[in-house]
Structures are given as structure tokens and as C-alpha cells.
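Please read the structure below before turning to the comments.
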Amino acid sequence: MRVNVLRLSRALVAEGIGTALLLAAVVGSGIMGDRLAAGNVAIALLANTLATGAVLVALILTFGPISGAHFNPVVSLADASQGGLSWPVALCYIGVQLIGALVGVAVADVMFGEPVYAWSQHARSGLPQILSEVVATFGLVSVIWGCVRRQPEAVPYAVGAYITAAYWFTSSTSFANPAVTLARAVTDTFAGIRPADVPGFLVGQVIGAFAATALFQWLVPVASTGRSIVSACELDAIEQPREKRQSFDPQRL
């Protein structure tokens, strides 16, 4: 297979912008909620939760038809492991997700007059937090795989609902996303995480994502549905047969 350059570019731009807007919403709503809650952490977290869940629905509906709306490196890796994306394209997705996440954090900090790229002092350490990330990411990827393979039109709402709930039933407040985790380490605001606590979160997220992928490969095998996170029509738009024009070898990525 070769890659359609124009359509891959569109998909990468969609992933970058979508991830940036997601982080702007997560960090920005955290700052706004913290400022308006007058010290009531529960109210601040509720504001942060509702904004994050709502923006996820909107962004997946907007960018899903273009890129699959991953906005999350472990989702892209899980999809590649099941043949939804080629590995070179998945790595491109991850690169723009990381860039977009850092841009989104900077934009949020600037909008609220906070220092741009300040190391967070928000401690999120210990085994309970890491286990929370395993559970949160396992649940997120399970929701994605289950919906994609049986009722793909429900994905935006299911993901938004799950993250809204997981904010409250996990002690880590459900980061469930390596790009989000890394970017939130460089904002010293309500949504931040100390850099020292990032590695544990990343390990938990990878474990959770691939445990869910393995489970759903057994529960609902790809071969029985033909569905990946990037739908068949999106995949055909990005990765085309060699004889088609405007394409190049993905190994050159």
C-alpha cells in the first residue's frame, strides 16, 4: 500500500488541531473552574469534567470522518496493532498528537494569563494513581473498540460519557492519554501533573490500552466485523493501492 499525501496531510492536521483543542479545553476549564470555585475543589473538578466530556463529543464528531479522531497515542498504537493504520502512519499520528497537545496547553495558559510551559507542581503519585490509569485507559479503549465494531455512530457520545464518568471514579481523574499526560506536565495549573509522576501514568496507560485491545480481539474479532478505529472508508482515503496517483511509499515517512 501507498499513502495518499493530500489525504494523509488532512488527517494529520485534523489530529493535531483536535488534540490541541482537547488540551485547551482540559487545561482552560481547569483554570476557569479553579478560579470560580472559591476553593471548592469538587466544583472545580465538576466544571473541568463537564467541559472535557462535552468537547470530546464535539471534536470526535468534527474530526472523526477525517482522521478517526484518535487524539491519543495509545489509541493510534492499538489501531495499528489491529491493522487499522500502518505503523508509519500511526507514528505520524502520534507525532502530531504530541505537538498539538503542547500547543493546546500553551494556548490555554496564554488565554488565562498563566506562565507558558511551567513545570507542574501537582502531585499525582503512588500505586493507586497508576492503577487508576490502567483502569481508566482500559475502559476508554474498551468503549472505543466495542462501539467501533458494533455501533460506530455511538463512539463520540460513548467516549464523552465514559471520560465524564471516569473523572470521578478514578483517583487520577482519568488522564488515559499519553499526549495529554505529557502536555499537562508543563502547566502549573489545576489540571497539571508533576513531571516525576508522568512515567507511572504512561506505563499504566499502555498496559490498560493493550489489555483492552487483546480482550476485544477475542470478544469481537476484527475479522468478524472488518472495522478498525479508522473506518474502512477513511483508511482507503489515506492508504491507497500502489497504482493510484499522488502517493508515496509510507517507508519514506
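By order of appearance in the C-alpha cells: chains A, B, ..., then residues from 1 within every chain, and ligands from 1 in the order shown.
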
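Every protein or nucleic acid residue with an atom no more than 8 Å from stretch 216-218 of chain A, counting only C-alpha atoms and leaving out same-chain residues fewer than 5 positions away, appears here: A:Ser142, A:Trp145, A:Gly146.
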
Please produce a file of the residues just selected, as a PDB file, in the first residue's frame, where the atoms kept are N, CA and C atoms.
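Below is the file selection-v3.pdb, written as the result:
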ATOM      1  N   SER A 142     -11.693   0.017  25.684  1.00  0.00           N
ATOM      2  CA  SER A 142     -12.782  -0.954  25.575  1.00  0.00           C
ATOM      3  C   SER A 142     -14.028  -0.311  24.976  1.00  0.00           C
ATOM      4  N   TRP A 145     -13.321   0.250  21.200  1.00  0.00           N
ATOM      5  CA  TRP A 145     -13.370  -0.973  20.391  1.00  0.00           C
ATOM      6  C   TRP A 145     -14.783  -1.543  20.328  1.00  0.00           C
ATOM      7  N   GLY A 146     -15.459  -1.568  21.457  1.00  0.00           N
ATOM      8  CA  GLY A 146     -16.802  -2.123  21.466  1.00  0.00           C
ATOM      9  C   GLY A 146     -17.756  -1.364  20.570  1.00  0.00           C
TER      10      GLY A 146
END

So which residues touch A:Leu23 within 9 Å, counting only C-alpha atoms, skipping near sequence neighbours fewer than 4 positions away, as JSON, numbers by chain? {"A": [18, 19, 27, 28, 52, 100, 101, 102, 103, 104, 105, 107, 108, 180, 183, 184]}

Nearest to A:Ala191: which of A:Ala14, A:Val55, A:Ser174, A:Met111 is it, counting only C-alpha atoms? A:Ser174

Would you pick out the contacts of A:Leu46 at 12 Å or less, using only C-alpha atoms, so that residues sharing its chain but fewer than 6 positions from it are not included, and give the list as a ChimeraX atom specification? /A:26,29-30,32-34,36-37,40,52-53,164-168,173

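Interatomic distance, atom CA of A:Thr213 to atom CA of A:Leu22: 23.5 Å.
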
Determine the nearest neighbour of A:Arg194 from the options A:Gln121, A:Val148, A:Leu215, A:Val135, counting only C-alpha atoms. A:Gln121

Considering only C-alpha atoms, return as a PyMOL selection string whatever protein or nucleic-acid residues lie within 8 Å of A:Tyr162, sequence-local ones (same chain, fewer than 4 positions apart) excluded. chain A and resi 139-140+143+158+166

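Minimum distance to A:Ala196 across A:Pro221, A:Gly39, A:Gly126, A:Gly113 (counting only C-alpha atoms) occurs at A:Gly126.
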
Where does DSSP see alpha helix (DSSP H) in stretch 128-244 of chain A, if you list the residues as a ChimeraX atom specification? /A:128-150,155-169,178-184,198-219,222-225,232-238

Need to verify the contact set: A:Ile130, 6 Å, only C-alpha atoms, exclusion of same-chain residues closer than 5 positions in sequence. Can you return it as an MDAnalysis selection string? chainID A and resid 200:201 204

Please list as a PyMOL selection string every residue within 10 Å of stretch 60-73 of chain A, counting only C-alpha atoms and excluding residues in the same chain fewer than 3 positions away. chain A and resi 7-23+55-57+76-79+90-91+93-98+100-101+144+153+155-157+159-160+176-180+205-206+228-231+233-235+237-238

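Rounded to one decimal, atom CA of A:Phe138 and atom CA of A:Ile207 lie 7.8 Å from each other.
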
Write down as a ChimeraX atom specification the residues belonging to stretch 18-250 of chain A that are assigned strand (DSSP E) by DSSP computed on the backbone. /A:239-240,247-248

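Residue neighbourhood of A:Gly192, excluding near-sequence residues (fewer than 5 positions): A:Ser120, A:His122, A:Arg184, A:Ala185, A:Thr187, at 6 Å, using only C-alpha atoms.
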